[in-house]
Amino acid sequence: MFKVLVSDPISDLGIQKLMDASDVTVDKKTGLSEDELIAIIGEYDGLLVRSQTTVTEKIIAAGTNLKVIGRAGVGVDNIKLEAATQRGVVVINAPDGNTITTCEHAFAMMMALARHIPQAYAKTISGVWDKKTFLGVELRGKTLGVLGMGRIGSEVAKRAKAFGMDILAYDPFLTADRAEKLEVKLASVDDIVRGADFITVHTPLTPETRHMISRPQFEVMKKGMRIINCARGGVIDEMALVEAIDSGIVAGAAFDVFEKEPPEADHPFLSHPKIIVTPHLGASTVEAQENVAIDVSEQVLHILRNEPFINAVNIPPVAPSVMNKLQPYFTLGEKLGSFVTQITDGAIREIHVEYAGDLSDVDTQPLTRYIVKGVLSRHFAGDVNIVNSMHLAKTREVNVVVTKASKTKGFTNLITVTLKAEHDEERLVAGTLLQGYGERIVQVNKFPVDIAPEGHQIVISHNDKPGIIGLVGTLLGQNDVNIASMQVGRKIVGGAAIMLLTADKAVPQDVLVKLAGLPEINTAEEITLL
């Protein structure tokens with residue numbers, strides 16, 4: 001007989017399958033302190049939580065019989081994943097449970113925005129019958145720009161099509177084939193900013209997406225467009241949005257999220273007549289709360305019964321001997337993934353990892369997770385880690401392929417990461433650990449190089465002609481950019497070549513533009529590996 005502890009308030013309907021199971025006993029004990037949990041957790045095979053219970057290292061250590069921790073929701077920040085992994089405890093969540101409810105909230109906000117429903121309601125119940133002020137617009141025939149085509153963004157697009165809207169869709173992992181399946185038009189952020197009547201945001205907050213819509217974007221938008229954010233505060237520049245509304249560019253906005261939550265009492269959104277706000281209600285429906293509990297309960301049963309399961313967010317235990325061999329390569333692998341994705345423009349379709357040398361003889365799955373994390377971090381930032389990187393790749397239909405070879409082109413071990421992107425674009429980077437030198441990048445695309453993967457690097461594609469290095473050095477010097485190291489790779493004299501420079505600080509965008517404009521230089525881009 002298995003025993004499961006439910007330590008947070010969860011409806012009986014959500015855990016009905018657990019309660020009905022003949023081989024499971026369920027105890028509901030909520031509001032327990034850490035010490036109280038430690039005192040009893042040793043009795044239980046499973047622990048089911050929401051967000052109130054923090055599952056600490058001490059609780060996990062005391063759970064000598066624990067086989068599974070279930071989080072009835074998406075985020076697992078309240079569970080110490082590393083401690084659970086080390087103890088061999090599977091941690092599962094419900095990544096799909098909030099999809100529909102968040103999608104519907106975003107759509108409700110869009111409709112309320114189009115028809116001024118909150119403002120009209122407030123005026124009507126105040127005793128004013130005003131039919132003239134609140135002239136709305138139809139959704140039919142309008143262009144909706146969807147920034148982020150994951151689970152939620154894709155569901156919003158489906159509903160918008162049913163309303164007769166045309167869909168422009170952007171996602172860094174959205175391929176032309178998938179866009180065709182979803183019946184949306186693949187577009188860039190700039191296409192959406194310039195062409196959409198409505199914009200809805202469904203991206204995580206990363207360095208790249210922070211203020212991705214700000215003053216420069218508002219300046220080129222259609223006059224009278226409307227914007228909705230039920231994703232993450234900070235993706236849209238709040239103060240720039242207020243300016244755009246006041247200047248007549250944006251007709252209105254609807255926000256469920258803020259850069260700081262709760263917002264300050266004097267936040268301009270709270271008093272602006274053309275902005276609708278809700279207090280982060282995207283996942284707040286009865287069905288969503290029950291669905292995530294039902295999903296997790298089902299998987300808890302599978303794990304306890306030693307049956308196949310899904311939605312595990314941590315990696316299985318790894319033998320100490322294998323971990324000792326792989327651990328020195330974890331940081332290198334993540335940097336290789338980050339490097340290659342920063343030199344790839346198209347939507348990524350496949351991540352191909354090749355291990356050569358001694359690494360070909362061991363289970364490299366943990367190392368692969370670090371590499372995939374590096375690839376995805378550019379677009380997911382803190383939302384991706386080694387326990388969910390493979391899951392996130394799968395949800396974006398990015399295929400991860402691992403191959404192994406005994407030959408290493410002269411290195412003891414070699415890791416080669418190739419990204420296959422839209423329009424058959426391929427980018428490659430290879431790296432190794434050199435005795436006495438540490439982490440090294442030894443190949444970029446077809447060019448052999450030798451450089452440490454660190455700091456701010458400038459990657460320059462150029463023609464191998466005399467004087468190029470001097471021109472680059474002079475221009476960088478004139479712009480106060482100090483070169484810490486430099487490598488040039490080429491296959492033949494006078495042919496295509498690559499130059500890698502490490503700079504002491506971030507390189508301004510205008511300097512990169514000047515570099516790309518020099519004679520015989522094709523492209524210049526900055527790679528950041530911090």
# chains A, B, ... in the order shown; residues from 1 in each chain; ligands from 1
call {"tool": "select_by_dssp", "arguments": {"residues": "segment 72-204 of chain A", "states": "strand (DSSP E or B)", "output": "MDAnalysis selection string"}}
result
chainID A and resid 79 90:92 143:147 166:170 185:186 198:201
call {"tool": "write_last_selection", "arguments": {"atoms": "N, CA and C atoms", "output": "PDB file, in the first residue's frame"}}
result
ATOM      1  N   ILE A  79      10.325  23.672  -5.149  1.00  0.00           N
ATOM      2  CA  ILE A  79      10.852  22.320  -4.926  1.00  0.00           C
ATOM      3  C   ILE A  79      12.343  22.320  -5.242  1.00  0.00           C
ATOM      4  N   VAL A  90      11.503  11.452  -8.308  1.00  0.00           N
ATOM      5  CA  VAL A  90      10.999  12.058  -9.537  1.00  0.00           C
ATOM      6  C   VAL A  90      10.119  13.257  -9.177  1.00  0.00           C
ATOM      7  N   VAL A  91      10.361  14.393  -9.859  1.00  0.00           N
ATOM      8  CA  VAL A  91       9.523  15.580  -9.690  1.00  0.00           C
ATOM      9  C   VAL A  91       8.734  15.782 -10.975  1.00  0.00           C
ATOM     10  N   ILE A  92       7.408  15.867 -10.843  1.00  0.00           N
ATOM     11  CA  ILE A  92       6.568  16.056 -12.019  1.00  0.00           C
ATOM     12  C   ILE A  92       5.711  17.309 -11.848  1.00  0.00           C
ATOM     13  N   THR A 143      -6.129  42.210 -38.304  1.00  0.00           N
ATOM     14  CA  THR A 143      -4.893  41.424 -38.253  1.00  0.00           C
ATOM     15  C   THR A 143      -4.407  41.332 -36.812  1.00  0.00           C
ATOM     16  N   LEU A 144      -4.265  40.109 -36.332  1.00  0.00           N
ATOM     17  CA  LEU A 144      -3.754  39.862 -34.987  1.00  0.00           C
ATOM     18  C   LEU A 144      -2.308  39.405 -35.083  1.00  0.00           C
ATOM     19  N   GLY A 145      -1.421  40.099 -34.386  1.00  0.00           N
ATOM     20  CA  GLY A 145      -0.034  39.670 -34.297  1.00  0.00           C
ATOM     21  C   GLY A 145       0.169  38.901 -33.006  1.00  0.00           C
ATOM     22  N   VAL A 146       0.656  37.665 -33.108  1.00  0.00           N
ATOM     23  CA  VAL A 146       0.902  36.824 -31.938  1.00  0.00           C
ATOM     24  C   VAL A 146       2.413  36.695 -31.748  1.00  0.00           C
ATOM     25  N   LEU A 147       2.919  37.273 -30.687  1.00  0.00           N
ATOM     26  CA  LEU A 147       4.346  37.180 -30.371  1.00  0.00           C
ATOM     27  C   LEU A 147       4.547  36.036 -29.387  1.00  0.00           C
ATOM     28  N   ASP A 166      -7.026  37.672 -39.366  1.00  0.00           N
ATOM     29  CA  ASP A 166      -5.813  37.229 -40.048  1.00  0.00           C
ATOM     30  C   ASP A 166      -4.682  37.207 -39.025  1.00  0.00           C
ATOM     31  N   ILE A 167      -3.853  36.157 -39.045  1.00  0.00           N
ATOM     32  CA  ILE A 167      -2.856  35.968 -38.000  1.00  0.00           C
ATOM     33  C   ILE A 167      -1.447  36.123 -38.541  1.00  0.00           C
ATOM     34  N   LEU A 168      -0.694  37.046 -37.952  1.00  0.00           N
ATOM     35  CA  LEU A 168       0.748  37.130 -38.155  1.00  0.00           C
ATOM     36  C   LEU A 168       1.404  36.544 -36.903  1.00  0.00           C
ATOM     37  N   ALA A 169       2.298  35.576 -37.079  1.00  0.00           N
ATOM     38  CA  ALA A 169       2.851  34.862 -35.924  1.00  0.00           C
ATOM     39  C   ALA A 169       4.374  34.905 -35.918  1.00  0.00           C
ATOM     40  N   TYR A 170       4.916  35.198 -34.746  1.00  0.00           N
ATOM     41  CA  TYR A 170       6.372  35.158 -34.572  1.00  0.00           C
ATOM     42  C   TYR A 170       6.735  34.261 -33.395  1.00  0.00           C
ATOM     43  N   LYS A 185       0.416  33.122 -40.716  1.00  0.00           N
ATOM     44  CA  LYS A 185       1.482  33.631 -41.576  1.00  0.00           C
ATOM     45  C   LYS A 185       2.727  33.885 -40.738  1.00  0.00           C
ATOM     46  N   LEU A 186       3.814  33.228 -41.087  1.00  0.00           N
ATOM     47  CA  LEU A 186       5.079  33.411 -40.385  1.00  0.00           C
ATOM     48  C   LEU A 186       5.586  34.833 -40.621  1.00  0.00           C
ATOM     49  N   PHE A 198      -4.142  44.290 -33.754  1.00  0.00           N
ATOM     50  CA  PHE A 198      -4.054  43.857 -32.372  1.00  0.00           C
ATOM     51  C   PHE A 198      -2.741  43.080 -32.218  1.00  0.00           C
ATOM     52  N   ILE A 199      -2.101  43.222 -31.075  1.00  0.00           N
ATOM     53  CA  ILE A 199      -0.913  42.420 -30.756  1.00  0.00           C
ATOM     54  C   ILE A 199      -1.138  41.769 -29.400  1.00  0.00           C
ATOM     55  N   THR A 200      -0.899  40.459 -29.342  1.00  0.00           N
ATOM     56  CA  THR A 200      -0.967  39.745 -28.063  1.00  0.00           C
ATOM     57  C   THR A 200       0.370  39.052 -27.813  1.00  0.00           C
ATOM     58  N   VAL A 201       0.838  39.120 -26.590  1.00  0.00           N
ATOM     59  CA  VAL A 201       2.179  38.652 -26.234  1.00  0.00           C
ATOM     60  C   VAL A 201       2.091  37.337 -25.471  1.00  0.00           C
TER      61      VAL A 201
END
call {"tool": "residues_around", "arguments": {"residues": "Val372 of chain A", "least_positions_apart": "3", "cutoff": "8 Å", "atoms": "only C-alpha atoms", "output": "list in words"}}
result
Glu334, Gly337, Ile351, Thr368, Arg369, Val375, Leu376, Ser389, Met390 and Ala393 of chain A
call {"tool": "write_last_selection", "arguments": {"atoms": "all heavy atoms", "output": "PDB file, in the first residue's frame"}}
result
ATOM      1  N   GLU A 334      27.195  23.884 -22.350  1.00  0.00           N
ATOM      2  CA  GLU A 334      26.206  24.969 -22.337  1.00  0.00           C
ATOM      3  C   GLU A 334      26.687  26.159 -23.159  1.00  0.00           C
ATOM      4  O   GLU A 334      25.910  26.782 -23.888  1.00  0.00           O
ATOM      5  CB  GLU A 334      25.932  25.388 -20.895  1.00  0.00           C
ATOM      6  CG  GLU A 334      24.789  26.369 -20.760  1.00  0.00           C
ATOM      7  CD  GLU A 334      24.372  26.610 -19.322  1.00  0.00           C
ATOM      8  OE1 GLU A 334      24.691  25.780 -18.448  1.00  0.00           O
ATOM      9  OE2 GLU A 334      23.721  27.638 -19.068  1.00  0.00           O
ATOM     10  N   GLY A 337      26.329  25.443 -26.879  1.00  0.00           N
ATOM     11  CA  GLY A 337      24.938  25.627 -27.293  1.00  0.00           C
ATOM     12  C   GLY A 337      24.569  27.084 -27.424  1.00  0.00           C
ATOM     13  O   GLY A 337      23.891  27.493 -28.375  1.00  0.00           O
ATOM     14  N   ILE A 351      18.695  20.084 -33.286  1.00  0.00           N
ATOM     15  CA  ILE A 351      19.955  20.237 -32.561  1.00  0.00           C
ATOM     16  C   ILE A 351      20.674  18.903 -32.676  1.00  0.00           C
ATOM     17  O   ILE A 351      20.209  17.884 -32.161  1.00  0.00           O
ATOM     18  CB  ILE A 351      19.717  20.575 -31.077  1.00  0.00           C
ATOM     19  CG1 ILE A 351      18.873  21.842 -30.929  1.00  0.00           C
ATOM     20  CG2 ILE A 351      21.050  20.733 -30.341  1.00  0.00           C
ATOM     21  CD1 ILE A 351      18.392  22.090 -29.507  1.00  0.00           C
ATOM     22  N   THR A 368      23.969  16.345 -22.621  1.00  0.00           N
ATOM     23  CA  THR A 368      23.101  16.816 -23.708  1.00  0.00           C
ATOM     24  C   THR A 368      22.096  17.832 -23.193  1.00  0.00           C
ATOM     25  O   THR A 368      21.784  18.823 -23.862  1.00  0.00           O
ATOM     26  CB  THR A 368      22.368  15.635 -24.356  1.00  0.00           C
ATOM     27  OG1 THR A 368      23.326  14.698 -24.855  1.00  0.00           O
ATOM     28  CG2 THR A 368      21.479  16.107 -25.510  1.00  0.00           C
ATOM     29  N   ARG A 369      21.588  17.611 -21.976  1.00  0.00           N
ATOM     30  CA  ARG A 369      20.633  18.558 -21.395  1.00  0.00           C
ATOM     31  C   ARG A 369      21.263  19.941 -21.222  1.00  0.00           C
ATOM     32  O   ARG A 369      20.606  20.961 -21.429  1.00  0.00           O
ATOM     33  CB  ARG A 369      20.133  18.035 -20.048  1.00  0.00           C
ATOM     34  CG  ARG A 369      19.200  16.843 -20.162  1.00  0.00           C
ATOM     35  CD  ARG A 369      18.824  16.298 -18.800  1.00  0.00           C
ATOM     36  NE  ARG A 369      17.855  15.206 -18.898  1.00  0.00           N
ATOM     37  CZ  ARG A 369      16.540  15.364 -18.905  1.00  0.00           C
ATOM     38  NH1 ARG A 369      16.030  16.584 -18.794  1.00  0.00           N
ATOM     39  NH2 ARG A 369      15.726  14.334 -19.010  1.00  0.00           N
ATOM     40  N   VAL A 375      21.349  26.175 -25.963  1.00  0.00           N
ATOM     41  CA  VAL A 375      20.697  26.565 -27.217  1.00  0.00           C
ATOM     42  C   VAL A 375      19.417  27.348 -26.938  1.00  0.00           C
ATOM     43  O   VAL A 375      19.159  28.393 -27.551  1.00  0.00           O
ATOM     44  CB  VAL A 375      20.380  25.315 -28.071  1.00  0.00           C
ATOM     45  CG1 VAL A 375      19.520  25.699 -29.278  1.00  0.00           C
ATOM     46  CG2 VAL A 375      21.671  24.638 -28.533  1.00  0.00           C
ATOM     47  N   LEU A 376      18.617  26.867 -25.987  1.00  0.00           N
ATOM     48  CA  LEU A 376      17.312  27.480 -25.747  1.00  0.00           C
ATOM     49  C   LEU A 376      17.370  28.723 -24.870  1.00  0.00           C
ATOM     50  O   LEU A 376      16.425  29.517 -24.856  1.00  0.00           O
ATOM     51  CB  LEU A 376      16.370  26.463 -25.096  1.00  0.00           C
ATOM     52  CG  LEU A 376      16.094  25.171 -25.882  1.00  0.00           C
ATOM     53  CD1 LEU A 376      15.072  24.325 -25.136  1.00  0.00           C
ATOM     54  CD2 LEU A 376      15.622  25.467 -27.288  1.00  0.00           C
ATOM     55  N   SER A 389      14.912  21.258 -20.272  1.00  0.00           N
ATOM     56  CA  SER A 389      15.380  21.674 -21.598  1.00  0.00           C
ATOM     57  C   SER A 389      14.890  20.738 -22.700  1.00  0.00           C
ATOM     58  O   SER A 389      14.460  21.190 -23.770  1.00  0.00           O
ATOM     59  CB  SER A 389      16.910  21.772 -21.631  1.00  0.00           C
ATOM     60  OG  SER A 389      17.511  20.526 -21.312  1.00  0.00           O
ATOM     61  N   MET A 390      14.918  19.431 -22.445  1.00  0.00           N
ATOM     62  CA  MET A 390      14.470  18.486 -23.466  1.00  0.00           C
ATOM     63  C   MET A 390      12.956  18.612 -23.702  1.00  0.00           C
ATOM     64  O   MET A 390      12.483  18.525 -24.840  1.00  0.00           O
ATOM     65  CB  MET A 390      14.814  17.053 -23.047  1.00  0.00           C
ATOM     66  CG  MET A 390      16.300  16.838 -22.795  1.00  0.00           C
ATOM     67  SD  MET A 390      17.335  17.121 -24.257  1.00  0.00           S
ATOM     68  CE  MET A 390      16.981  15.649 -25.195  1.00  0.00           C
ATOM     69  N   ALA A 393      12.322  21.744 -25.782  1.00  0.00           N
ATOM     70  CA  ALA A 393      12.683  21.499 -27.183  1.00  0.00           C
ATOM     71  C   ALA A 393      11.565  20.722 -27.882  1.00  0.00           C
ATOM     72  O   ALA A 393      11.184  21.037 -29.013  1.00  0.00           O
ATOM     73  CB  ALA A 393      13.993  20.734 -27.266  1.00  0.00           C
TER      74      ALA A 393
END
call {"tool": "closest_residue", "arguments": {"among": "A:Ser22, A:Ser7, A:Gln443, A:Asn388", "to": "Leu47 of chain A", "atoms": "only C-alpha atoms"}}
result
A:Ser7
call {"tool": "select_by_dssp", "arguments": {"residues": "segment 270-451 of chain A", "states": "alpha helix (DSSP H)", "output": "JSON, numbers by chain"}}
result
{"A": [286, 287, 288, 289, 290, 291, 292, 293, 294, 295, 296, 297, 298, 299, 300, 301, 302, 303, 304, 320, 321, 322, 323, 324, 325, 326, 330, 331, 332, 333, 334, 335, 336, 337, 338, 339, 340, 341, 342, 365, 366, 367, 368, 369, 370, 371, 372, 373, 374, 375, 376, 377, 378, 379, 380, 389, 390, 391, 392, 393, 394, 395]}
call {"tool": "residues_around", "arguments": {"residues": "Gly248 of chain A", "least_positions_apart": "5", "cutoff": "9 Å", "atoms": "only C-alpha atoms", "output": "list in words"}}
result
Lys223, Gly224 and Glu243 of chain A
call {"tool": "closest_residue", "arguments": {"among": "A:Gly252, A:Glu43, A:Gly467, A:Asp191", "to": "Gly136 of chain A", "atoms": "only C-alpha atoms"}}
result
A:Gly252
call {"tool": "atom_distance", "arguments": {"atom1": "atom CA of Lys404 of chain A", "atom2": "atom CA of Asn385 of chain A"}}
result
23.9 Å
